[in-house]
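Visitor: Here it is, the structure, as structure tokens.
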Amino acid sequence: MSSQSPLHKAGRAAAAGVKLAQSTGGNLALASGVTIAMLFGMVLALSLAAIFIMGSADPIGGLAIAVPITLVFNIAAFFLSPYLMDLTQNWLYNTRWVSLEEIQSQSPETARVIERVCQHKKLTQPRLGIIDDENPTAFTYGSFPNSARLVVSQGLFTYLDDDEIATVYAHELGHIVHWDFAVMTLASTLVQITYLIYTTARSLSRRGGEKAKDAAGSVAAIAYLFYIAGTYLLLYLSRTREYFADRFAAETTGNPNALSRALVKIAYGILEEGQRATEPSRLLEGTRALGIYDAKAATSTGTAYRIASEPEKIGRVFLWDMFNPWGWWMELNSTHPLTGKRVRALSTYAEQLGLDTEFDMGKIVGEGRNLSKRKLYGNFLLDLLLYTAEFLGLLVGFIAGVFLPVSNPMILIACPLIGLGAGILLKALVMFPNYQQAENLDVLTLMSDPYASPLRGKPAKLEGELIGRGDAGYAFGSDLKLQDNTGMLYLRYASRFGPIGNFLFGMKRVRSLIGMDVNALGWFRRGVAPWMDLIQVQSDSGTTVNSYHRFWSFVMGIGAIAIGIASLFVSFAA
């Protein structure tokens, strides 16, 4: 039923149902209440601003109609969404609705967990579904706990053991017990209303008297800031609810170690299926926000599990999740916490239960605390600025154009172009350092680097086999997947002829490269998913492919500066 695990199972509590102190995520009711109260406050403040500050009847009337429509639509969607989702699931994934007995035949402990939770929480048994897809995942949806659906893929039973499957089901039952779908629907509605107020105020800022236009513009700016803040609050609430569903699973099963294993093995299963697939999984793409695991984060954890004979090797991959500031920054845009943080929380629950931990996270945390703070944080704020250097250069150039004591209006075009070009060049110098001394490394070593960055590329050489397109499913995709004896990594290609060259390369050459043993040279980067920007791929048979990431950065940077300077000369000459 399960792939053979290289991990020794650390054990479980003698009894389930023990209350555990939440180690991460704070208080669920408080987090939900504060988030929704803040969103309500934003909506109220913006509504009052729109009604009392702006004096044009038509847009306000439109807002008065749009807000109730939004509320009615979301209320209707709340009640109808389970049925619409049922239809969608049947159409896209051919979901089979099954009895508890069929679940029991594949995972006896899961059936016992479902029965126990439903009895203890006085819940109607969720409608149980299985999707015939080998990518392991699980998700829940519905309007009310007593009408919820709990759906898993067949891959969950393929890659996980009985006790691990049970913890995944318990996690999803936690979402049902906590009314997560209801809370997230309410929060999403409030965020949508802030956006409605923003569009209304923006419309008002284009008409009427100067005073009304200025007031409307101010409200539009505030509304947009509230919309952005609301979006991030929504993501924060989603991550918090994942932590609490993990704790519910640990309490319900008395087996936090099994959920730690399950998360790692789900990543492994997603990686394995991705290596065999010619197209991306519609299931993982379509249920990314709903699923128990963010498929985009599977590469590093799945790679570590694939070859690691010792939990410490897997644990080292989690160092980046827990200690690299880029991990924190990128998690802000995610519905799920980073895997390392979830495993660390689950290890804390295991310690509360007096159990050995699946992964010695204490040792990993100790190693993390000994990392160089200067290397982790010394350039982080500067790197954040460099990450948006193009935009900042454009902005600085525009400001310079406004304040320069030059009456020529062309300055407002030339200065932003020069600033844009300077930003592109500066970023390129940091992103693409000298690669002449690139080391021969393997995929796991690169992924275990706690200092890796999405900005500062690490020059590296890899040996392995090209096993497919990086963007599987796109027939003319130009990116590649490289497999070595430690894992898999995406290789990003850039033609010297730009997007047209990428298209032609994907159409004409990629197919012939798949299956070749190659040496790859490039800049390794780490985000939620790791990748390498290619410099060159060379096969054992002598085939060579060159990639031009740095070339295009310099072309665009120098080009923008040249156009800006040329426009100034032409303007002054005229």
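By convention here, the chains of the structure tokens are called A, B, ... in the order presented, each chain's residues are numbered starting at 1, and ligands are numbered starting at 1 in the order presented.
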Skip region 89-106 of chain A itself and residues of its chain fewer than 4 positions away, then list as a list of chain:residue names all residues within 6 Å of it, counting only C-alpha atoms.
Guide: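 Final neighbour list, sorted by chain and number: A:Met85, A:Ala111, A:Leu128, A:Gly129, A:Ile130, A:Ile131.
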Visitor: Any chance you can output those residues with all heavy atoms as a PDB file, in the first residue's frame?
Guide:
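Okay, selection_32.pdb is ready:
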```
ATOM      1  N   MET A  85     -19.272  22.565  -6.312  1.00  0.00           N
ATOM      2  CA  MET A  85     -17.999  21.852  -6.218  1.00  0.00           C
ATOM      3  C   MET A  85     -18.175  20.373  -6.554  1.00  0.00           C
ATOM      4  O   MET A  85     -17.322  19.773  -7.220  1.00  0.00           O
ATOM      5  CB  MET A  85     -17.410  22.006  -4.815  1.00  0.00           C
ATOM      6  CG  MET A  85     -16.695  23.308  -4.581  1.00  0.00           C
ATOM      7  SD  MET A  85     -15.057  23.364  -5.352  1.00  0.00           S
ATOM      8  CE  MET A  85     -14.105  22.298  -4.272  1.00  0.00           C
ATOM      9  N   ALA A 111     -10.962   4.832   9.338  1.00  0.00           N
ATOM     10  CA  ALA A 111     -12.392   4.631   9.604  1.00  0.00           C
ATOM     11  C   ALA A 111     -12.693   4.823  11.085  1.00  0.00           C
ATOM     12  O   ALA A 111     -13.703   5.438  11.457  1.00  0.00           O
ATOM     13  CB  ALA A 111     -12.823   3.241   9.138  1.00  0.00           C
ATOM     14  N   LEU A 128     -17.752  11.255   1.771  1.00  0.00           N
ATOM     15  CA  LEU A 128     -16.376  10.817   1.539  1.00  0.00           C
ATOM     16  C   LEU A 128     -16.141  10.563   0.058  1.00  0.00           C
ATOM     17  O   LEU A 128     -16.921   9.844  -0.589  1.00  0.00           O
ATOM     18  CB  LEU A 128     -16.079   9.548   2.339  1.00  0.00           C
ATOM     19  CG  LEU A 128     -16.296   9.656   3.857  1.00  0.00           C
ATOM     20  CD1 LEU A 128     -16.193   8.291   4.512  1.00  0.00           C
ATOM     21  CD2 LEU A 128     -15.298  10.620   4.474  1.00  0.00           C
ATOM     22  N   GLY A 129     -15.096  11.150  -0.475  1.00  0.00           N
ATOM     23  CA  GLY A 129     -14.789  10.987  -1.888  1.00  0.00           C
ATOM     24  C   GLY A 129     -13.359  10.547  -2.116  1.00  0.00           C
ATOM     25  O   GLY A 129     -12.470  10.823  -1.309  1.00  0.00           O
ATOM     26  N   ILE A 130     -13.156   9.835  -3.238  1.00  0.00           N
ATOM     27  CA  ILE A 130     -11.811   9.428  -3.664  1.00  0.00           C
ATOM     28  C   ILE A 130     -11.657   9.797  -5.135  1.00  0.00           C
ATOM     29  O   ILE A 130     -12.536   9.533  -5.958  1.00  0.00           O
ATOM     30  CB  ILE A 130     -11.588   7.910  -3.478  1.00  0.00           C
ATOM     31  CG1 ILE A 130     -11.650   7.531  -1.994  1.00  0.00           C
ATOM     32  CG2 ILE A 130     -10.232   7.499  -4.060  1.00  0.00           C
ATOM     33  CD1 ILE A 130     -11.481   6.045  -1.732  1.00  0.00           C
ATOM     34  N   ILE A 131     -10.533  10.429  -5.450  1.00  0.00           N
ATOM     35  CA  ILE A 131     -10.199  10.785  -6.826  1.00  0.00           C
ATOM     36  C   ILE A 131      -9.110   9.838  -7.307  1.00  0.00           C
ATOM     37  O   ILE A 131      -8.095   9.662  -6.625  1.00  0.00           O
ATOM     38  CB  ILE A 131      -9.718  12.244  -6.909  1.00  0.00           C
ATOM     39  CG1 ILE A 131     -10.842  13.193  -6.500  1.00  0.00           C
ATOM     40  CG2 ILE A 131      -9.232  12.573  -8.318  1.00  0.00           C
ATOM     41  CD1 ILE A 131     -10.403  14.635  -6.350  1.00  0.00           C
TER      42      ILE A 131
END
```
Visitor: To test your reading of the structure, identify every residue in region 135-327 of chain A that backbone DSSP assigns to strand (DSSP E or B), and report it as an NGL selection string.
Guide: :A and (138-141 or 149-153)
Visitor: Next, the residues of the selection above should be written as a compact mmCIF listing (two decimals), in the first residue's frame with N, CA, C and O atoms.
Guide:
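To be explicit, this is the file written out as result-v3.txt:
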```txt
# COMPACT_ATOMS: atom_id res chain seq x y z
N ALA A 138 -5.39 15.78 -0.07
CA ALA A 138 -6.67 15.68 0.65
C ALA A 138 -7.19 17.09 0.86
O ALA A 138 -6.42 18.02 1.07
N PHE A 139 -8.52 17.26 0.82
CA PHE A 139 -9.11 18.57 1.06
C PHE A 139 -10.56 18.43 1.50
O PHE A 139 -11.18 17.38 1.33
N THR A 140 -11.07 19.52 2.06
CA THR A 140 -12.42 19.56 2.60
C THR A 140 -13.12 20.80 2.07
O THR A 140 -12.49 21.83 1.87
N TYR A 141 -14.42 20.70 1.86
CA TYR A 141 -15.21 21.88 1.50
C TYR A 141 -16.65 21.66 1.95
O TYR A 141 -17.04 20.55 2.31
N ARG A 149 -17.81 17.88 2.80
CA ARG A 149 -17.24 16.84 1.94
C ARG A 149 -15.76 16.69 2.29
O ARG A 149 -15.06 17.68 2.48
N LEU A 150 -15.29 15.47 2.35
CA LEU A 150 -13.89 15.19 2.63
C LEU A 150 -13.38 14.29 1.50
O LEU A 150 -13.82 13.15 1.37
N VAL A 151 -12.50 14.83 0.69
CA VAL A 151 -12.06 14.15 -0.52
C VAL A 151 -10.55 13.93 -0.46
O VAL A 151 -9.80 14.83 -0.08
N VAL A 152 -10.12 12.74 -0.86
CA VAL A 152 -8.69 12.44 -0.96
C VAL A 152 -8.42 11.82 -2.32
O VAL A 152 -9.34 11.37 -3.01
N SER A 153 -7.16 11.80 -2.69
CA SER A 153 -6.76 11.12 -3.92
C SER A 153 -6.31 9.70 -3.60
O SER A 153 -5.91 9.39 -2.47
```
Visitor: May I have the residues within 8 Å of Gln275 (chain A) as a list of chain:residue names, using only C-alpha atoms and disregarding those fewer than 4 positions away in the same chain?
Guide: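 Once the nearby chain positions are removed, what remains is A:Leu271, A:Ile467, A:Gly468.
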Visitor: Which residues are close to Gly397 (chain A), i.e. within 6 Å by only C-alpha atoms, leaving aside same-chain residues fewer than 3 positions away? Reply as a CSV table (one decimal) with N, CA, C and O atoms, in the first residue's frame.
Guide:
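Contents of around03.csv, freshly written:
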```
chain,number,residue,atom,x,y,z
A,393,GLY,N,13.8,51.8,-9.5
A,393,GLY,CA,14.5,52.7,-10.4
A,393,GLY,C,13.6,53.6,-11.2
A,393,GLY,O,13.8,54.8,-11.5
A,394,LEU,N,12.5,53.0,-11.7
A,394,LEU,CA,11.5,53.7,-12.4
A,394,LEU,C,10.9,54.9,-11.5
A,394,LEU,O,10.8,56.0,-12.0
A,400,ALA,N,12.9,62.2,-9.8
A,400,ALA,CA,14.0,63.0,-10.3
A,400,ALA,C,13.5,63.9,-11.4
A,400,ALA,O,13.9,65.1,-11.5
A,415,CYS,N,14.0,60.3,-17.6
A,415,CYS,CA,14.5,60.0,-16.3
A,415,CYS,C,14.0,58.6,-15.8
A,415,CYS,O,14.8,57.8,-15.3
A,416,PRO,N,12.7,58.4,-15.9
A,416,PRO,CA,12.2,57.0,-15.5
A,416,PRO,C,12.9,55.9,-16.3
A,416,PRO,O,13.2,54.8,-15.8
A,419,GLY,N,16.3,55.4,-14.9
A,419,GLY,CA,16.2,54.8,-13.6
A,419,GLY,C,15.8,53.3,-13.8
A,419,GLY,O,16.4,52.5,-13.1
```
Visitor: Quick one: residues within 7 Å of Leu420 (chain A), only C-alpha atoms, excluding same-chain residues fewer than 2 positions away - as a VMD selection string?
Guide: chain A and resid 390 to 391 393 to 394 416 to 418 422 to 424 560
Visitor: Write the residues of the preceding selection, restricted to N, CA and C atoms, as a PDB file, in the first residue's frame.
Guide:
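Wrote selection_34.pdb, looks like this:
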```pdb
ATOM      1  N   GLU A 390      13.809  47.218 -10.457  1.00  0.00           N
ATOM      2  CA  GLU A 390      13.256  47.825 -11.676  1.00  0.00           C
ATOM      3  C   GLU A 390      12.202  48.868 -11.318  1.00  0.00           C
ATOM      4  N   PHE A 391      11.282  48.477 -10.436  1.00  0.00           N
ATOM      5  CA  PHE A 391      10.222  49.398 -10.032  1.00  0.00           C
ATOM      6  C   PHE A 391      10.797  50.598  -9.298  1.00  0.00           C
ATOM      7  N   GLY A 393      13.814  51.845  -9.500  1.00  0.00           N
ATOM      8  CA  GLY A 393      14.535  52.694 -10.439  1.00  0.00           C
ATOM      9  C   GLY A 393      13.585  53.566 -11.242  1.00  0.00           C
ATOM     10  N   LEU A 394      12.477  52.984 -11.672  1.00  0.00           N
ATOM     11  CA  LEU A 394      11.464  53.738 -12.409  1.00  0.00           C
ATOM     12  C   LEU A 394      10.898  54.867 -11.544  1.00  0.00           C
ATOM     13  N   PRO A 416      12.698  58.357 -15.909  1.00  0.00           N
ATOM     14  CA  PRO A 416      12.221  57.029 -15.512  1.00  0.00           C
ATOM     15  C   PRO A 416      12.865  55.897 -16.312  1.00  0.00           C
ATOM     16  N   LEU A 417      13.096  56.116 -17.624  1.00  0.00           N
ATOM     17  CA  LEU A 417      13.752  55.082 -18.426  1.00  0.00           C
ATOM     18  C   LEU A 417      15.177  54.836 -17.949  1.00  0.00           C
ATOM     19  N   ILE A 418      15.894  55.906 -17.660  1.00  0.00           N
ATOM     20  CA  ILE A 418      17.266  55.750 -17.151  1.00  0.00           C
ATOM     21  C   ILE A 418      17.254  55.052 -15.794  1.00  0.00           C
ATOM     22  N   ALA A 422      18.959  51.441 -14.942  1.00  0.00           N
ATOM     23  CA  ALA A 422      19.931  51.304 -13.850  1.00  0.00           C
ATOM     24  C   ALA A 422      19.487  50.237 -12.866  1.00  0.00           C
ATOM     25  N   GLY A 423      18.185  50.192 -12.571  1.00  0.00           N
ATOM     26  CA  GLY A 423      17.669  49.171 -11.653  1.00  0.00           C
ATOM     27  C   GLY A 423      17.853  47.774 -12.204  1.00  0.00           C
ATOM     28  N   ILE A 424      17.588  47.598 -13.503  1.00  0.00           N
ATOM     29  CA  ILE A 424      17.763  46.275 -14.131  1.00  0.00           C
ATOM     30  C   ILE A 424      19.221  45.836 -14.069  1.00  0.00           C
ATOM     31  N   ALA A 560      17.288  50.484 -22.028  1.00  0.00           N
ATOM     32  CA  ALA A 560      16.436  51.499 -21.391  1.00  0.00           C
ATOM     33  C   ALA A 560      17.224  52.783 -21.133  1.00  0.00           C
TER      34      ALA A 560
END
```
Visitor: Between A:Met488, A:Leu84, A:Leu346, A:Ala452, which residue has the minimum interatomic distance to Gly302 (chain A), considering only C-alpha atoms?
Guide: A:Met488
Visitor: Just the number, please: distance in Å from CA of His178 (chain A) to CA of Ser147 (chain A), one decimal.
Guide: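 Result for CA of His178 (chain A) versus CA of Ser147 (chain A): 13.7 Å, one decimal.
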Visitor: With only C-alpha atoms as the counted atoms, please give the residues lying no more than 12 Å from Gly366 (chain A), apart from itself and same-chain residues fewer than 2 positions off, as a CSV table (one decimal) with N, CA, C and O atoms, in the first residue's frame.
Guide:
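So around.csv came out as:
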```csv
chain,number,residue,atom,x,y,z
A,315,GLY,N,15.9,16.8,7.7
A,315,GLY,CA,15.8,17.9,8.6
A,315,GLY,C,16.6,19.1,8.2
A,315,GLY,O,16.1,20.3,8.3
A,316,ARG,N,17.7,18.9,7.6
A,316,ARG,CA,18.6,20.0,7.1
A,316,ARG,C,17.9,20.8,6.0
A,316,ARG,O,18.1,22.0,5.9
A,319,LEU,N,16.0,23.8,7.4
A,319,LEU,CA,16.7,24.9,7.9
A,319,LEU,C,16.3,26.2,7.2
A,319,LEU,O,16.0,27.3,7.8
A,322,MET,N,12.8,27.5,8.3
A,322,MET,CA,12.7,28.0,9.6
A,322,MET,C,13.5,29.2,9.9
A,322,MET,O,13.2,30.0,10.8
A,323,PHE,N,14.7,29.4,9.2
A,323,PHE,CA,15.6,30.4,9.6
A,323,PHE,C,16.0,31.4,8.5
A,323,PHE,O,16.5,32.5,8.9
A,360,ASP,N,14.7,14.9,14.4
A,360,ASP,CA,15.2,15.6,15.6
A,360,ASP,C,15.3,17.1,15.4
A,360,ASP,O,16.3,17.7,15.1
A,361,MET,N,14.1,17.7,15.5
A,361,MET,CA,14.0,19.1,15.2
A,361,MET,C,14.8,20.0,16.2
A,361,MET,O,15.2,21.1,15.9
A,362,GLY,N,15.0,19.4,17.5
A,362,GLY,CA,15.8,20.1,18.4
A,362,GLY,C,17.2,20.3,17.9
A,362,GLY,O,17.8,21.4,18.1
A,363,LYS,N,17.7,19.3,17.4
A,363,LYS,CA,19.1,19.3,16.8
A,363,LYS,C,19.1,20.3,15.6
A,363,LYS,O,20.1,21.1,15.5
A,364,ILE,N,18.1,20.2,14.8
A,364,ILE,CA,18.0,21.2,13.6
A,364,ILE,C,17.9,22.6,14.1
A,364,ILE,O,18.6,23.5,13.5
A,368,GLY,N,20.4,25.6,13.5
A,368,GLY,CA,19.9,26.9,12.9
A,368,GLY,C,20.3,28.1,13.7
A,368,GLY,O,20.6,29.1,13.2
A,369,ARG,N,20.3,27.9,15.1
A,369,ARG,CA,20.7,29.0,15.9
A,369,ARG,C,22.2,29.3,15.8
A,369,ARG,O,22.7,30.4,16.2
A,370,ASN,N,23.0,28.4,15.3
A,370,ASN,CA,24.4,28.6,15.1
A,370,ASN,C,24.7,29.1,13.7
A,370,ASN,O,25.9,29.3,13.4
A,371,LEU,N,23.7,29.3,12.9
A,371,LEU,CA,24.0,29.9,11.5
A,371,LEU,C,24.4,31.3,11.7
A,371,LEU,O,24.1,32.0,12.6
```
Visitor: Looking at A:Lys19, A:Arg469, A:Arg202, A:Arg282, which one is nearest to Arg247 (chain A), with distances taken over only C-alpha atoms?
Guide: A:Lys19
Visitor: Pick out the residues sitting within 12 Å of region 492-502 of chain A, and hand them over as a VMD selection string; count only C-alpha atoms, and ignore anything fewer than 6 positions along from it in its own chain.
Guide: chain A and resid 469 to 471 476 to 482 508 to 510 520 to 525 530 to 537 545 to 556
Visitor: With N, CA, C and O atoms kept, could you save the residues just selected as a short mmCIF file (atom, residue, chain, number, x, y, z; two decimals), in the first residue's frame?
Guide:
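Okay, this is what ended up in out_31.cif:
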```cif
data_model
loop_
_atom_site.label_atom_id
_atom_site.label_comp_id
_atom_site.auth_asym_id
_atom_site.auth_seq_id
_atom_site.Cartn_x
_atom_site.Cartn_y
_atom_site.Cartn_z
N ARG A 469 9.99 18.22 -19.27
CA ARG A 469 9.84 19.67 -19.30
C ARG A 469 9.57 20.19 -17.89
O ARG A 469 8.82 19.59 -17.14
N GLY A 470 10.13 21.35 -17.59
CA GLY A 470 9.84 21.96 -16.30
C GLY A 470 8.41 22.42 -16.19
O GLY A 470 7.81 22.36 -15.12
N ASP A 471 7.86 22.87 -17.31
CA ASP A 471 6.46 23.26 -17.34
C ASP A 471 5.68 22.19 -18.10
O ASP A 471 5.19 22.41 -19.20
N PHE A 476 5.11 23.40 -25.81
CA PHE A 476 6.28 24.11 -26.30
C PHE A 476 7.06 24.74 -25.16
O PHE A 476 7.80 25.70 -25.37
N GLY A 477 6.92 24.21 -23.97
CA GLY A 477 7.64 24.74 -22.82
C GLY A 477 9.14 24.58 -22.99
O GLY A 477 9.63 23.54 -23.45
N SER A 478 9.90 25.60 -22.61
CA SER A 478 11.35 25.60 -22.82
C SER A 478 12.13 25.18 -21.59
O SER A 478 13.34 24.93 -21.68
N ASP A 479 11.51 25.13 -20.41
CA ASP A 479 12.22 24.76 -19.19
C ASP A 479 12.33 23.23 -19.09
O ASP A 479 11.57 22.49 -19.71
N LEU A 480 13.27 22.79 -18.26
CA LEU A 480 13.60 21.36 -18.17
C LEU A 480 13.62 20.89 -16.72
O LEU A 480 13.68 21.70 -15.79
N LYS A 481 13.57 19.57 -16.54
CA LYS A 481 13.75 18.95 -15.23
C LYS A 481 14.98 18.06 -15.27
O LYS A 481 15.11 17.21 -16.15
N LEU A 482 15.86 18.28 -14.30
CA LEU A 482 17.08 17.47 -14.20
C LEU A 482 17.01 16.58 -12.97
O LEU A 482 16.66 17.04 -11.88
N LYS A 508 11.15 22.80 -30.90
CA LYS A 508 12.02 22.02 -31.77
C LYS A 508 13.07 21.17 -31.06
O LYS A 508 13.47 20.13 -31.56
N ARG A 509 13.54 21.63 -29.88
CA ARG A 509 14.72 20.97 -29.33
C ARG A 509 14.49 20.21 -28.04
O ARG A 509 15.18 19.23 -27.76
N VAL A 510 13.54 20.66 -27.21
CA VAL A 510 13.40 20.06 -25.88
C VAL A 510 13.13 18.57 -25.97
O VAL A 510 13.73 17.77 -25.23
N ALA A 520 25.04 20.29 -16.26
CA ALA A 520 24.33 21.57 -16.28
C ALA A 520 25.08 22.58 -15.43
O ALA A 520 25.49 22.29 -14.30
N LEU A 521 25.23 23.77 -15.98
CA LEU A 521 25.86 24.89 -15.27
C LEU A 521 24.82 25.99 -15.15
O LEU A 521 24.12 26.32 -16.12
N GLY A 522 24.70 26.58 -13.95
CA GLY A 522 23.71 27.65 -13.78
C GLY A 522 23.79 28.28 -12.42
O GLY A 522 24.70 28.00 -11.62
N TRP A 523 22.82 29.16 -12.15
CA TRP A 523 22.72 29.84 -10.86
C TRP A 523 21.55 29.23 -10.09
O TRP A 523 20.38 29.36 -10.50
N PHE A 524 21.84 28.59 -8.95
CA PHE A 524 20.80 27.98 -8.13
C PHE A 524 20.10 29.06 -7.30
O PHE A 524 20.75 29.97 -6.76
N ARG A 525 18.77 28.94 -7.19
CA ARG A 525 17.98 29.86 -6.37
C ARG A 525 16.99 29.06 -5.54
O ARG A 525 16.54 27.99 -5.92
N PRO A 530 12.64 25.42 -5.30
CA PRO A 530 13.98 25.75 -5.78
C PRO A 530 14.08 25.58 -7.29
O PRO A 530 13.32 24.83 -7.90
N TRP A 531 15.04 26.29 -7.91
CA TRP A 531 15.25 26.14 -9.34
C TRP A 531 16.66 26.61 -9.69
O TRP A 531 17.37 27.17 -8.86
N MET A 532 17.05 26.38 -10.94
CA MET A 532 18.34 26.86 -11.42
C MET A 532 18.13 27.62 -12.73
O MET A 532 17.46 27.13 -13.64
N ASP A 533 18.67 28.84 -12.81
CA ASP A 533 18.71 29.58 -14.07
C ASP A 533 19.89 29.07 -14.87
O ASP A 533 21.05 29.21 -14.46
N LEU A 534 19.61 28.50 -16.02
CA LEU A 534 20.64 27.83 -16.81
C LEU A 534 21.63 28.81 -17.44
O LEU A 534 21.27 29.90 -17.87
N ILE A 535 22.88 28.36 -17.49
CA ILE A 535 23.91 29.00 -18.30
C ILE A 535 24.22 28.09 -19.50
O ILE A 535 24.24 28.53 -20.65
N GLN A 536 24.40 26.81 -19.20
CA GLN A 536 24.74 25.86 -20.27
C GLN A 536 24.37 24.44 -19.86
O GLN A 536 24.48 24.07 -18.69
N VAL A 537 23.92 23.66 -20.83
CA VAL A 537 23.71 22.22 -20.68
C VAL A 537 24.54 21.52 -21.74
O VAL A 537 24.46 21.89 -22.93
N VAL A 545 23.77 23.28 -25.23
CA VAL A 545 22.69 24.27 -25.25
C VAL A 545 23.11 25.41 -24.33
O VAL A 545 23.43 25.18 -23.16
N ASN A 546 23.13 26.62 -24.86
CA ASN A 546 23.47 27.80 -24.06
C ASN A 546 22.22 28.59 -23.72
O ASN A 546 21.27 28.67 -24.52
N SER A 547 22.21 29.17 -22.54
CA SER A 547 21.07 29.95 -22.05
C SER A 547 21.57 31.35 -21.69
O SER A 547 22.73 31.52 -21.30
N TYR A 548 20.69 32.37 -21.81
CA TYR A 548 21.16 33.76 -21.79
C TYR A 548 20.38 34.64 -20.83
O TYR A 548 19.96 35.73 -21.20
N HIS A 549 20.22 34.22 -19.60
CA HIS A 549 19.51 35.05 -18.61
C HIS A 549 20.23 36.39 -18.41
O HIS A 549 19.61 37.45 -18.44
N ARG A 550 21.52 36.35 -18.17
CA ARG A 550 22.27 37.56 -17.88
C ARG A 550 22.33 38.47 -19.10
O ARG A 550 22.24 39.70 -18.98
N PHE A 551 22.45 37.87 -20.29
CA PHE A 551 22.51 38.63 -21.53
C PHE A 551 21.29 39.53 -21.68
O PHE A 551 21.40 40.72 -21.96
N TRP A 552 20.09 38.97 -21.45
CA TRP A 552 18.88 39.75 -21.65
C TRP A 552 18.73 40.83 -20.59
O TRP A 552 18.18 41.91 -20.85
N SER A 553 19.19 40.57 -19.38
CA SER A 553 19.13 41.60 -18.36
C SER A 553 19.98 42.80 -18.76
O SER A 553 19.56 43.96 -18.63
N PHE A 554 21.18 42.52 -19.29
CA PHE A 554 22.05 43.62 -19.70
C PHE A 554 21.51 44.33 -20.94
O PHE A 554 21.59 45.56 -21.05
N VAL A 555 20.94 43.58 -21.87
CA VAL A 555 20.35 44.19 -23.06
C VAL A 555 19.22 45.15 -22.67
O VAL A 555 19.16 46.29 -23.14
N MET A 556 18.33 44.69 -21.81
CA MET A 556 17.19 45.54 -21.43
C MET A 556 17.65 46.74 -20.60
O MET A 556 17.15 47.85 -20.77
#
```
Visitor: Between A:Glu134, A:Ala529, A:Ser372, A:Ile197, which one has atoms that come closest to Arg276 (chain A), using only C-alpha atoms?
Guide: A:Glu134
Visitor: Find, counting only C-alpha atoms, the residue in A:Tyr224, A:Trp328, A:Tyr387, A:Tyr349 that gets nearest to Phe244 (chain A).
Guide: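 When distances to Phe244 (chain A) are compared using only C-alpha atoms, the smallest one comes from A:Tyr349.
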Visitor: Measure the distance from CA of Thr185 (chain A) to CA of Thr88 (chain A) in Å and round it to one decimal.
Guide: 18.6 Å
Visitor: With only C-alpha atoms as the basis for distance, which of A:Asp383, A:Glu164, A:Glu109, A:Asp484 is at the shortest distance from Leu259 (chain A)?
Guide: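 Ranked by minimum distance to Leu259 (chain A), first place goes to A:Glu164.
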Visitor: Could you tell me how far CA of Asp162 (chain A) lies from CA of Ala267 (chain A), in Å and to one decimal?
Guide: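 These two atoms are separated by 17.2 Å.
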